[in-house]
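Read the structure below first, then the notes.
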Amino acid sequence: MADRPHLRDLADRVGILPFYFDVEGVKRVTKDSIRVALLSAMGLDASSEKTAERALRGLTSSTHERLVSPVQVQAADKIPSSFPLALPLDSSGPVEWHVKLCEESGKIHIASGRADREHDAGEIRLPLPASPSAGYHKLQVAAELPGRVVEAEQSFIVSPGQCTPLSRFVGEQQAFGLWTNLYTLRSRHNMGVGDLSDLKVLTEFAGANGAAFVGVNPLHALHNIGAQISPYCPVSRLYRNVLYLDVEAVPEFADCPKAKRLLASTRFQADLRRVRDSQHVAYGDVLALKLELLRLLHADFRAHHAGGDTARGRSYSAFIEQQGDPLTLFATFMTLASSLPRNREETGGTQTNWRDWPEEYQRSESREVLAFRNSNQQEIDFHCYLQFELDRQMERVSDEVRRSGMAIGLYNDLAIGAAAEGSDAWAFPDLFVSGVRVGAPPDPYSDTGQTWGFPPIDPRRLRETAFDYWTRILRSAMDHAGMLRIDHVMGLFRQFWVPEGRPATEGAYVAYPAEDLLGILALESQRHNTVIVGEDLGTVPPEVPPALAEWEILSSRVLYFERDYNDNFLPPSAYSPRAAARSRGPTRRIHAPSRRANVRG
């Protein structure tokens, strides 16, 4: 293996792990051919030792060109007194430096001075002007070098160090909750798919019967057609599924005669009976019926509230401003998907895979996409309106939680990834790695391993964008939720990457900046007052359980599989003191150590 040292150094540098231990404790070594394939997917040529060495030099050079890393995440009780400044390699001599720390609150701290660099490298350490409290801050740095001034900015994120503890909600008391796949709920009111009004009713029932929470499947946005109905491989993790809207609960419905006439029409009622009586969830048909009504309601909304002169209009404007460009990109994607003509007959009028779109529309920042946005503003606004109303109806569920006295409230679910053909991968193309799929190595569940059909996020790009995408999906998932389950929480530590076209036995683990991701998770958890549960089933690296405990993240167990050698169910006392235990049915019970929560199933 000594003939590819630069390849392995490069792989190590970007986080491709040299080996892992499988569930049987067998050491699995990463093949050089897999290293080459994964590096290529990350945009690094390691096809030869010469190209690998060149790529290594490029990574080193880029580090020094930007002075400071794009982001650092620190625990509030571990903020260092200084930070490293990586000076350009072609510079020499003393350095005049200036530092400005801009706190999230608006407070500013300034420091400046002069320093001599170390003999062996272009790096010095500068004092941090202050130790800010938990939040999102900015660190601005300027270095006066001979003949030039170099400037840089860093996102300086301070974490509280732990997520919201369960004891904050339930103290020393026992607690239980209900769990449901929302799309399976049926009621006399809904259109053949459980909606947010059904969830509100379920929450009322659960609270009246002493439940601490109601858990649901991921509510992420989906196309809801064909095979694209899995909540764990969504179009976007930033936005929600329009299928869950209760159309009659939209405020515009009460004063929209056109919508009421359509709903009462013979044709619509016949279609409604058909989807309600369907043995299976008729995703596409239900979506079509809801969208037909929602377009009428949107037109009514634009007629009465588009100017922003009403309370509802002002709320909408505030929502659009708060969501920013990502919402516009998502709405543009959904509009393009329903507008482009190819394969309309095969996909119910929606061209869902953006890689099959004409080339000029495959880049979200292209001139053609911008022109499309300008000429389709009303349709794009329609999709923004749907997300606005979804958020409002989620708030109604939260209001019911408070009225019912439920200790924890809504228990949300965050998928580990988003579909390769979806909005997130289109809107943030540099963030997602093409030509690779996330999966799992062989284990007792599958002796050939698994690939899950969605692309990984490049951990380097995640850092370079100051974890903005991660922060946004956490905020979306925690909004209106008292508890959040993170699917495959090991993915915050490492993910199993499989090159496209290869079996899952031909994959390798790639490391992720777990401390940074967990730090931001803790910050958002505390700000949203949301308890975090990590789904830690499968091949679990040894560092994960103690890390979850340190960060106040509950562990997961499936009650059905927790049995002794005689196939008897284990008693609650046999569970990990940090376990959140779920039965195979609709009930989920949790328990935690007495020193913190003492919640027992």
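By order of appearance in the structure tokens: chains A, B, ..., then residues from 1 within every chain, and ligands from 1 in the order shown.
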inquiry  = At a cut-off of 12 Å, using only C-alpha atoms, what residues contact Arg57 of chain A? Leave out same-chain residues fewer than 4 positions from it and give the result as JSON, numbers by chain.
reply    = {"A": [6, 9, 10, 13, 44, 50, 51, 52, 53, 61, 62, 63, 64, 89]}
Keeping N, CA and C atoms, export the residues of the selection given above as a PDB file, in the first residue's frame.
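So part15.pdb came out as:
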```pdb
ATOM      1  N   HIS A   6       0.256   9.786  -1.272  1.00  0.00           N
ATOM      2  CA  HIS A   6      -0.427  11.064  -1.462  1.00  0.00           C
ATOM      3  C   HIS A   6      -1.944  10.862  -1.568  1.00  0.00           C
ATOM      4  N   ASP A   9      -3.107  10.385   1.987  1.00  0.00           N
ATOM      5  CA  ASP A   9      -3.041  11.646   2.728  1.00  0.00           C
ATOM      6  C   ASP A   9      -4.190  12.574   2.324  1.00  0.00           C
ATOM      7  N   LEU A  10      -4.471  12.618   1.024  1.00  0.00           N
ATOM      8  CA  LEU A  10      -5.561  13.461   0.538  1.00  0.00           C
ATOM      9  C   LEU A  10      -6.906  12.961   1.061  1.00  0.00           C
ATOM     10  N   ARG A  13      -7.265  13.864   4.594  1.00  0.00           N
ATOM     11  CA  ARG A  13      -7.446  15.315   4.753  1.00  0.00           C
ATOM     12  C   ARG A  13      -8.917  15.716   4.608  1.00  0.00           C
ATOM     13  N   LEU A  44     -11.954  16.356  -6.506  1.00  0.00           N
ATOM     14  CA  LEU A  44     -10.514  16.257  -6.313  1.00  0.00           C
ATOM     15  C   LEU A  44      -9.957  15.113  -7.151  1.00  0.00           C
ATOM     16  N   LYS A  50       0.682  12.013  -8.765  1.00  0.00           N
ATOM     17  CA  LYS A  50       1.000  13.389  -9.119  1.00  0.00           C
ATOM     18  C   LYS A  50      -0.214  14.304  -8.938  1.00  0.00           C
ATOM     19  N   THR A  51      -1.374  13.861  -9.404  1.00  0.00           N
ATOM     20  CA  THR A  51      -2.570  14.689  -9.267  1.00  0.00           C
ATOM     21  C   THR A  51      -3.026  14.760  -7.807  1.00  0.00           C
ATOM     22  N   ALA A  52      -2.818  13.692  -7.061  1.00  0.00           N
ATOM     23  CA  ALA A  52      -3.181  13.701  -5.645  1.00  0.00           C
ATOM     24  C   ALA A  52      -2.311  14.687  -4.874  1.00  0.00           C
ATOM     25  N   GLU A  53      -1.023  14.715  -5.197  1.00  0.00           N
ATOM     26  CA  GLU A  53      -0.114  15.657  -4.536  1.00  0.00           C
ATOM     27  C   GLU A  53      -0.504  17.098  -4.880  1.00  0.00           C
ATOM     28  N   SER A  61      -2.931  25.611   0.181  1.00  0.00           N
ATOM     29  CA  SER A  61      -2.865  26.986  -0.296  1.00  0.00           C
ATOM     30  C   SER A  61      -4.171  27.735  -0.034  1.00  0.00           C
ATOM     31  N   SER A  62      -5.301  27.084  -0.277  1.00  0.00           N
ATOM     32  CA  SER A  62      -6.594  27.750  -0.085  1.00  0.00           C
ATOM     33  C   SER A  62      -6.835  28.088   1.379  1.00  0.00           C
ATOM     34  N   THR A  63      -6.304  27.268   2.296  1.00  0.00           N
ATOM     35  CA  THR A  63      -6.440  27.539   3.726  1.00  0.00           C
ATOM     36  C   THR A  63      -5.764  28.845   4.098  1.00  0.00           C
ATOM     37  N   HIS A  64      -4.575  29.086   3.552  1.00  0.00           N
ATOM     38  CA  HIS A  64      -3.812  30.288   3.892  1.00  0.00           C
ATOM     39  C   HIS A  64      -4.327  31.520   3.157  1.00  0.00           C
ATOM     40  N   LEU A  89       1.122  32.203   2.194  1.00  0.00           N
ATOM     41  CA  LEU A  89       2.440  31.558   2.202  1.00  0.00           C
ATOM     42  C   LEU A  89       3.507  32.397   1.512  1.00  0.00           C
TER      43      LEU A  89
END
```
task = Would you kindly return, as a list in words, each protein, DNA or RNA residue with an atom no farther than 9 Å from any atom of segment 15-21 of chain A, considering only C-alpha atoms and excluding same-chain residues fewer than 5 positions away?
result = Arg8, Leu10, Val26, Lys27, Arg28, Val29, Thr30, Lys31, Arg35, Leu38, Leu39, Pro459, Arg494, Ala508, Tyr509, Val510, Ala511, Tyr512, Thr539 and Pro541 of chain A
Write out, as a PDB file, in the first residue's frame, the residues just selected, with N, CA and C atoms.
```pdb
ATOM      1  N   ARG A   8      -3.694   8.563  -0.036  1.00  0.00           N
ATOM      2  CA  ARG A   8      -4.237   8.331   1.296  1.00  0.00           C
ATOM      3  C   ARG A   8      -4.171   9.587   2.165  1.00  0.00           C
ATOM      4  N   LEU A  10      -4.471  12.618   1.024  1.00  0.00           N
ATOM      5  CA  LEU A  10      -5.561  13.461   0.538  1.00  0.00           C
ATOM      6  C   LEU A  10      -6.906  12.961   1.061  1.00  0.00           C
ATOM      7  N   VAL A  26     -15.433  -6.851  12.863  1.00  0.00           N
ATOM      8  CA  VAL A  26     -14.405  -7.106  11.857  1.00  0.00           C
ATOM      9  C   VAL A  26     -13.946  -5.778  11.250  1.00  0.00           C
ATOM     10  N   LYS A  27     -12.619  -5.620  11.148  1.00  0.00           N
ATOM     11  CA  LYS A  27     -12.059  -4.397  10.575  1.00  0.00           C
ATOM     12  C   LYS A  27     -12.176  -4.418   9.058  1.00  0.00           C
ATOM     13  N   ARG A  28     -12.784  -3.384   8.485  1.00  0.00           N
ATOM     14  CA  ARG A  28     -12.958  -3.275   7.040  1.00  0.00           C
ATOM     15  C   ARG A  28     -12.116  -2.102   6.532  1.00  0.00           C
ATOM     16  N   VAL A  29     -11.128  -2.407   5.709  1.00  0.00           N
ATOM     17  CA  VAL A  29     -10.182  -1.402   5.216  1.00  0.00           C
ATOM     18  C   VAL A  29     -10.701  -0.787   3.918  1.00  0.00           C
ATOM     19  N   THR A  30     -10.584   0.527   3.787  1.00  0.00           N
ATOM     20  CA  THR A  30     -11.035   1.229   2.582  1.00  0.00           C
ATOM     21  C   THR A  30     -10.079   0.969   1.426  1.00  0.00           C
ATOM     22  N   LYS A  31     -10.613   0.572   0.293  1.00  0.00           N
ATOM     23  CA  LYS A  31      -9.797   0.312  -0.887  1.00  0.00           C
ATOM     24  C   LYS A  31      -9.363   1.621  -1.539  1.00  0.00           C
ATOM     25  N   ARG A  35     -11.292   5.220  -2.584  1.00  0.00           N
ATOM     26  CA  ARG A  35     -10.762   6.564  -2.283  1.00  0.00           C
ATOM     27  C   ARG A  35     -10.769   7.433  -3.536  1.00  0.00           C
ATOM     28  N   LEU A  38     -14.413   8.411  -4.550  1.00  0.00           N
ATOM     29  CA  LEU A  38     -15.052   9.383  -3.672  1.00  0.00           C
ATOM     30  C   LEU A  38     -14.389  10.750  -3.779  1.00  0.00           C
ATOM     31  N   LEU A  39     -13.073  10.773  -3.913  1.00  0.00           N
ATOM     32  CA  LEU A  39     -12.378  12.047  -4.088  1.00  0.00           C
ATOM     33  C   LEU A  39     -12.805  12.723  -5.387  1.00  0.00           C
ATOM     34  N   PRO A 459     -18.884  17.507   3.454  1.00  0.00           N
ATOM     35  CA  PRO A 459     -18.625  18.170   4.744  1.00  0.00           C
ATOM     36  C   PRO A 459     -17.760  19.413   4.615  1.00  0.00           C
ATOM     37  N   ARG A 494     -20.428  10.349  10.944  1.00  0.00           N
ATOM     38  CA  ARG A 494     -19.866   9.776   9.723  1.00  0.00           C
ATOM     39  C   ARG A 494     -21.018   9.233   8.885  1.00  0.00           C
ATOM     40  N   ALA A 508     -17.310   3.421   1.675  1.00  0.00           N
ATOM     41  CA  ALA A 508     -16.403   3.832   2.739  1.00  0.00           C
ATOM     42  C   ALA A 508     -17.093   4.897   3.579  1.00  0.00           C
ATOM     43  N   TYR A 509     -16.678   5.002   4.828  1.00  0.00           N
ATOM     44  CA  TYR A 509     -17.205   6.035   5.699  1.00  0.00           C
ATOM     45  C   TYR A 509     -16.448   7.349   5.493  1.00  0.00           C
ATOM     46  N   VAL A 510     -17.208   8.437   5.543  1.00  0.00           N
ATOM     47  CA  VAL A 510     -16.639   9.781   5.474  1.00  0.00           C
ATOM     48  C   VAL A 510     -17.019  10.509   6.758  1.00  0.00           C
ATOM     49  N   ALA A 511     -16.020  11.125   7.386  1.00  0.00           N
ATOM     50  CA  ALA A 511     -16.243  11.799   8.664  1.00  0.00           C
ATOM     51  C   ALA A 511     -16.916  13.147   8.456  1.00  0.00           C
ATOM     52  N   TYR A 512     -17.744  13.533   9.426  1.00  0.00           N
ATOM     53  CA  TYR A 512     -18.408  14.827   9.442  1.00  0.00           C
ATOM     54  C   TYR A 512     -17.999  15.589  10.707  1.00  0.00           C
ATOM     55  N   THR A 539     -25.077   0.127  12.706  1.00  0.00           N
ATOM     56  CA  THR A 539     -23.640   0.134  12.965  1.00  0.00           C
ATOM     57  C   THR A 539     -23.289   1.441  13.653  1.00  0.00           C
ATOM     58  N   PRO A 541     -20.701   3.691  15.794  1.00  0.00           N
ATOM     59  CA  PRO A 541     -19.315   3.835  16.251  1.00  0.00           C
ATOM     60  C   PRO A 541     -19.261   4.080  17.754  1.00  0.00           C
TER      61      PRO A 541
END
```
key: Secondary structure check, strand (DSSP E) residues of segment 355-600 of chain A, as a count of residues only   = 45
Distance query Ala115 of chain A at most 10 Å, only C-alpha atoms, self and fewer than 5 positions along chain excluded, as a PyMOL selection string = chain A and resi 93-97+124-126
Just C-alpha atoms for this one: save the residues we selected as a short mmCIF file (atom, residue, chain, number, x, y, z; two decimals), in the first residue's frame.
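result03.cif, freshly written:
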```cif
data_model
loop_
_atom_site.label_atom_id
_atom_site.label_comp_id
_atom_site.auth_asym_id
_atom_site.auth_seq_id
_atom_site.Cartn_x
_atom_site.Cartn_y
_atom_site.Cartn_z
CA GLY A 93 7.74 39.94 7.95
CA PRO A 94 5.70 41.37 10.83
CA VAL A 95 1.95 41.78 10.61
CA GLU A 96 -0.32 44.61 11.69
CA TRP A 97 -3.68 43.07 12.52
CA ILE A 124 -0.01 33.43 14.21
CA ARG A 125 -2.56 33.56 17.01
CA LEU A 126 -4.64 36.65 17.69
#
```
request  = Find the residues near Pro326 of chain A: any atom within 9 Å, counting only C-alpha atoms, skip ones fewer than 3 places away on the same chain, and give them as a list of chain:residue names.
outcome  = A:Leu238, A:Gln323, A:Leu329, A:Phe330, A:Ala331, A:Asp424, A:Ala427
Would you pick out the contacts of Ile520 of chain A at 7 Å or less, using only C-alpha atoms, so that residues sharing its chain but fewer than 3 positions from it are not included, and give the list as an mmCIF file with N, CA and C atoms, in the first residue's frame?
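Okay, part-v9.cif is ready:
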```
data_model
loop_
_atom_site.group_PDB
_atom_site.id
_atom_site.type_symbol
_atom_site.label_atom_id
_atom_site.label_comp_id
_atom_site.auth_asym_id
_atom_site.auth_seq_id
_atom_site.Cartn_x
_atom_site.Cartn_y
_atom_site.Cartn_z
ATOM 1 N N SER A 159 -22.186 27.837 21.196
ATOM 2 C CA SER A 159 -23.224 26.873 21.568
ATOM 3 C C SER A 159 -23.391 26.818 23.076
ATOM 4 N N THR A 471 -28.395 24.694 9.715
ATOM 5 C CA THR A 471 -29.135 25.571 10.615
ATOM 6 C C THR A 471 -30.568 25.752 10.146
ATOM 7 N N ASP A 516 -19.162 20.429 15.657
ATOM 8 C CA ASP A 516 -19.779 21.642 15.127
ATOM 9 C C ASP A 516 -21.273 21.445 14.900
ATOM 10 N N LEU A 517 -21.643 20.323 14.273
ATOM 11 C CA LEU A 517 -23.050 20.051 13.996
ATOM 12 C C LEU A 517 -23.854 19.919 15.289
ATOM 13 N N LEU A 523 -27.690 24.720 20.139
ATOM 14 C CA LEU A 523 -28.107 26.120 20.131
ATOM 15 C C LEU A 523 -29.558 26.260 19.666
ATOM 16 N N GLU A 524 -29.905 25.582 18.572
ATOM 17 C CA GLU A 524 -31.276 25.657 18.066
ATOM 18 C C GLU A 524 -32.251 24.934 18.998
#
```
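If only C-alpha atoms are the atoms counted, then among A:Leu570, A:Met394, A:Ile457, A:Leu518 the closest residue to Ile486 of chain A is A:Leu518.
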Polymer residues at most 12 Å from Ala227 of chain A, only C-alpha atoms, same-chain spacing of 2 or more positions, as a PyMOL selection string = chain A and resi 222-225+229-231+233-234+282-284+346-347+352+419
Write to file, as a CSV table (one decimal), in the first residue's frame, the residues of the selection just made, with C-alpha atoms.
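Resulting contents of again-v4.csv:
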```csv
chain,number,residue,atom,x,y,z
A,222,LEU,CA,-42.8,15.7,-1.4
A,223,HIS,CA,-44.0,15.5,-5.0
A,224,ASN,CA,-46.6,12.9,-3.8
A,225,ILE,CA,-46.7,11.1,-7.2
A,229,ILE,CA,-43.9,9.4,-1.6
A,230,SER,CA,-41.3,8.5,1.0
A,231,PRO,CA,-41.1,11.0,3.8
A,233,CYS,CA,-36.3,10.9,0.8
A,234,PRO,CA,-38.0,14.2,0.4
A,282,ALA,CA,-54.2,8.0,-3.2
A,283,TYR,CA,-51.4,10.5,-3.0
A,284,GLY,CA,-51.5,11.9,-6.5
A,346,GLU,CA,-45.7,9.7,-17.3
A,347,THR,CA,-45.5,11.8,-14.1
A,352,THR,CA,-39.7,15.8,-11.1
A,419,ALA,CA,-33.6,13.2,-2.8
```
Residue set, segment 351-530 of chain A restricted to alpha helix (DSSP H), as an MDAnalysis selection string = chainID A and resid 367:375 377:404 423:427 459:464 468:478 514:528
